[in-house]
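Heads up: the structure comes next, in structure tokens.
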Amino acid sequence: MMPQNSNPIFQMIGAVAPALVDYTQERIIDELWNRPGLTVRERAIATLSTLIARNATNAYRYYFIKALDCGLRPSELSELMTHLACYASFPYTFGAIAVLKDIFVEREIVPDEFPNASQACGAEKCAYVPTTSVPFSEALQHFTADLLEAEIWHRPGLALRDRTLATFCAVAAQGNLESLAPFVSYAKDQGISRQALEELLAHTAFYAGWAYANRVAIFLNGTFNN
């Protein structure tokens with residue numbers, strides 16, 4: 001039986017594919033989000049990172065609200081958007097921000113507490129930042145070193161573990177296996193367990209598609225076995 005849910009997304013889906021509403025409720029909401037290995041807060045980060053990397057605009061509002069309800073602070077969402085701009089693209093992230101802004105207005109959240117660009121140097125430091133820059137492009141090397149390595153990964157407002165989860169999911173959702181290796185290594189450095197990575201793949205399957213999840217699973221299987 002289709003669950004009674006007033007959410008507009010469920011109503012829209014139920015009008016065309018009632019079975020999909022059941023699968024969404026039973027397999028995603030009831031099962032996936034309650035599995036061990038990741039907290040619901042971490043699953044919210046994983047979901048938003050995957051959706052924005054795929055430009056899945058119809059799902060933004062539901063999952064931004066869910067992220068706030070799962071314990072992500074507005075300042076953390078603000079910083080997550082800044083981080084994802086570099087890995088999911090600025091245009092895709094701008095589209096997500098337009099939705100999040102309306103939610104902030106509805107909840108009377110003001111941006112006074114949000115970190116700005118000048119605060120980058122006061123953040124948690126890490127000795128190593130994952131990078132995939134190659135020597136072919138001097139311009140790419142410049143922005144990788146000057147923006148990603150020197151600023152983005154050192155900004156306040158979002159823990160390194162959260163940044164690593166977000167980056168892994170965004171890169172996995174784009175199917176960029178060649179870029180994934182340094183982030184897998186960095187995930188281990190941040191104490192992200194194999195079980196957590198396995199759960200991220202299950203999340204990727206539902207929110208980006210099984211083909212992407214399977215490609216990453218094959219890659220990770222070889223990485224861990226070697």
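Identifiers in this document derive from the order of the structure tokens: chains are assigned A, B, ..., residues are numbered from 1 separately in each chain, and ligands are numbered from 1 in order of occurrence.
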
Q: Would you list the contacts of Val184 of chain A as an MDAnalysis selection string, taking every protein, DNA or RNA residue within 9 Å and counting only C-alpha atoms, but skipping same-chain residues closer than 5 positions in sequence?
A: chainID A and resid 164 168 189 197 220 223

Q: Write out as a list in words which residues come within 12 Å of Leu68 of chain A when counting only C-alpha atoms, dropping same-chain ones fewer than 2 positions away.
A: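 Using only C-alpha atoms, the neighbours found are Val40, Arg41, Glu42, Ala44, Ile45, Leu48, Arg61, Tyr62, Tyr63, Phe64, Ile65, Lys66, Cys70, Gly71, Leu72, Arg73, Pro74, Ser75, Glu76, Leu77, Ser78, Leu100, Ile103, Phe104, Arg107 and Ile109 of chain A.
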
Would you put the residues from that selection into a file with C-alpha atoms, as a compact mmCIF listing (two decimals), in the first residue's frame?
```txt
# COMPACT_ATOMS: atom_id res chain seq x y z
CA VAL A 40 21.90 10.13 9.59
CA ARG A 41 23.84 13.40 9.60
CA GLU A 42 26.58 11.81 7.47
CA ALA A 44 22.49 13.82 4.72
CA ILE A 45 25.92 15.10 3.65
CA LEU A 48 23.26 16.37 -0.84
CA ARG A 61 14.22 21.10 -1.12
CA TYR A 62 13.25 17.80 0.53
CA TYR A 63 16.83 16.87 1.35
CA PHE A 64 17.95 20.31 2.49
CA ILE A 65 15.11 20.27 5.02
CA LYS A 66 16.00 16.72 5.99
CA CYS A 70 19.23 15.55 10.91
CA GLY A 71 21.48 17.98 12.76
CA LEU A 72 23.44 19.83 10.08
CA ARG A 73 23.78 23.44 11.16
CA PRO A 74 22.98 26.23 8.67
CA SER A 75 26.63 27.33 8.80
CA GLU A 76 27.70 23.77 7.90
CA LEU A 77 25.32 23.73 4.94
CA SER A 78 26.70 27.09 3.86
CA LEU A 100 18.53 26.60 0.21
CA ILE A 103 14.52 27.53 3.18
CA PHE A 104 16.74 29.85 5.22
CA ARG A 107 13.20 29.39 8.95
CA ILE A 109 18.06 31.88 9.40
```

(Q) Counting only C-alpha atoms, which residue out of A:His142, A:Arg54, A:Arg194, A:Arg43 sits closest to Leu165 of chain A? (A)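 Going through A:His142, A:Arg54, A:Arg194, A:Arg43 one by one, the smallest distance to Leu165 of chain A is for A:Arg43.
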
Q) When distances are computed from only C-alpha atoms, which of A:Val21, A:Ile152, A:Val171, A:Val16 shows the smallest separation from Ser49 of chain A? A) A:Val171

Q: Write down as number ranges by chain the residues of segment 28-182 of chain A whose backbone DSSP state falls under alpha helix (DSSP H).
A: A: 40-54, 60-69, 74-88, 90-106, 138-143, 160-173, 177-182

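Here atom CA of Ala202 of chain A is placed at a distance of 29.0 Å from atom CA of Arg155 of chain A.
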
Q) Which polymer residues have any atom within 10 Å of an atom of Asn55 of chain A, counting only C-alpha atoms, with same-chain residues fewer than 4 positions away left out, as a list of chain:residue names? A) A:Ser49, A:Thr50, A:Leu51, A:Ala59, A:Tyr60, A:Ala88, A:Ser89, A:Pro91, A:Tyr92, A:Thr93, A:Gly95, A:Ala96

Write to file, as a CSV table (one decimal), in the first residue's frame, the residues of the selection just made, with C-alpha atoms.
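Result written to again18.csv:
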```
chain,number,residue,atom,x,y,z
A,49,SER,CA,26.7,15.9,-2.3
A,50,THR,CA,25.5,13.2,-4.7
A,51,LEU,CA,22.4,15.2,-5.7
A,59,ALA,CA,15.1,16.6,-4.8
A,60,TYR,CA,16.9,19.6,-3.3
A,88,ALA,CA,30.3,19.4,-8.3
A,89,SER,CA,30.8,22.7,-10.3
A,91,PRO,CA,26.8,26.4,-11.7
A,92,TYR,CA,25.3,23.2,-10.2
A,93,THR,CA,26.0,24.5,-6.7
A,95,GLY,CA,21.2,26.1,-8.4
A,96,ALA,CA,21.2,24.3,-5.1
```

Q: Within 12 Å of Glu79 of chain A, counting only C-alpha atoms, which residues show up once you throw out same-chain ones fewer than 2 positions away? Write them as a ChimeraX atom specification, please.
A: /A:45,72-77,81-86,93,97,111,113-117,119-120,123,152-160,162-163,166
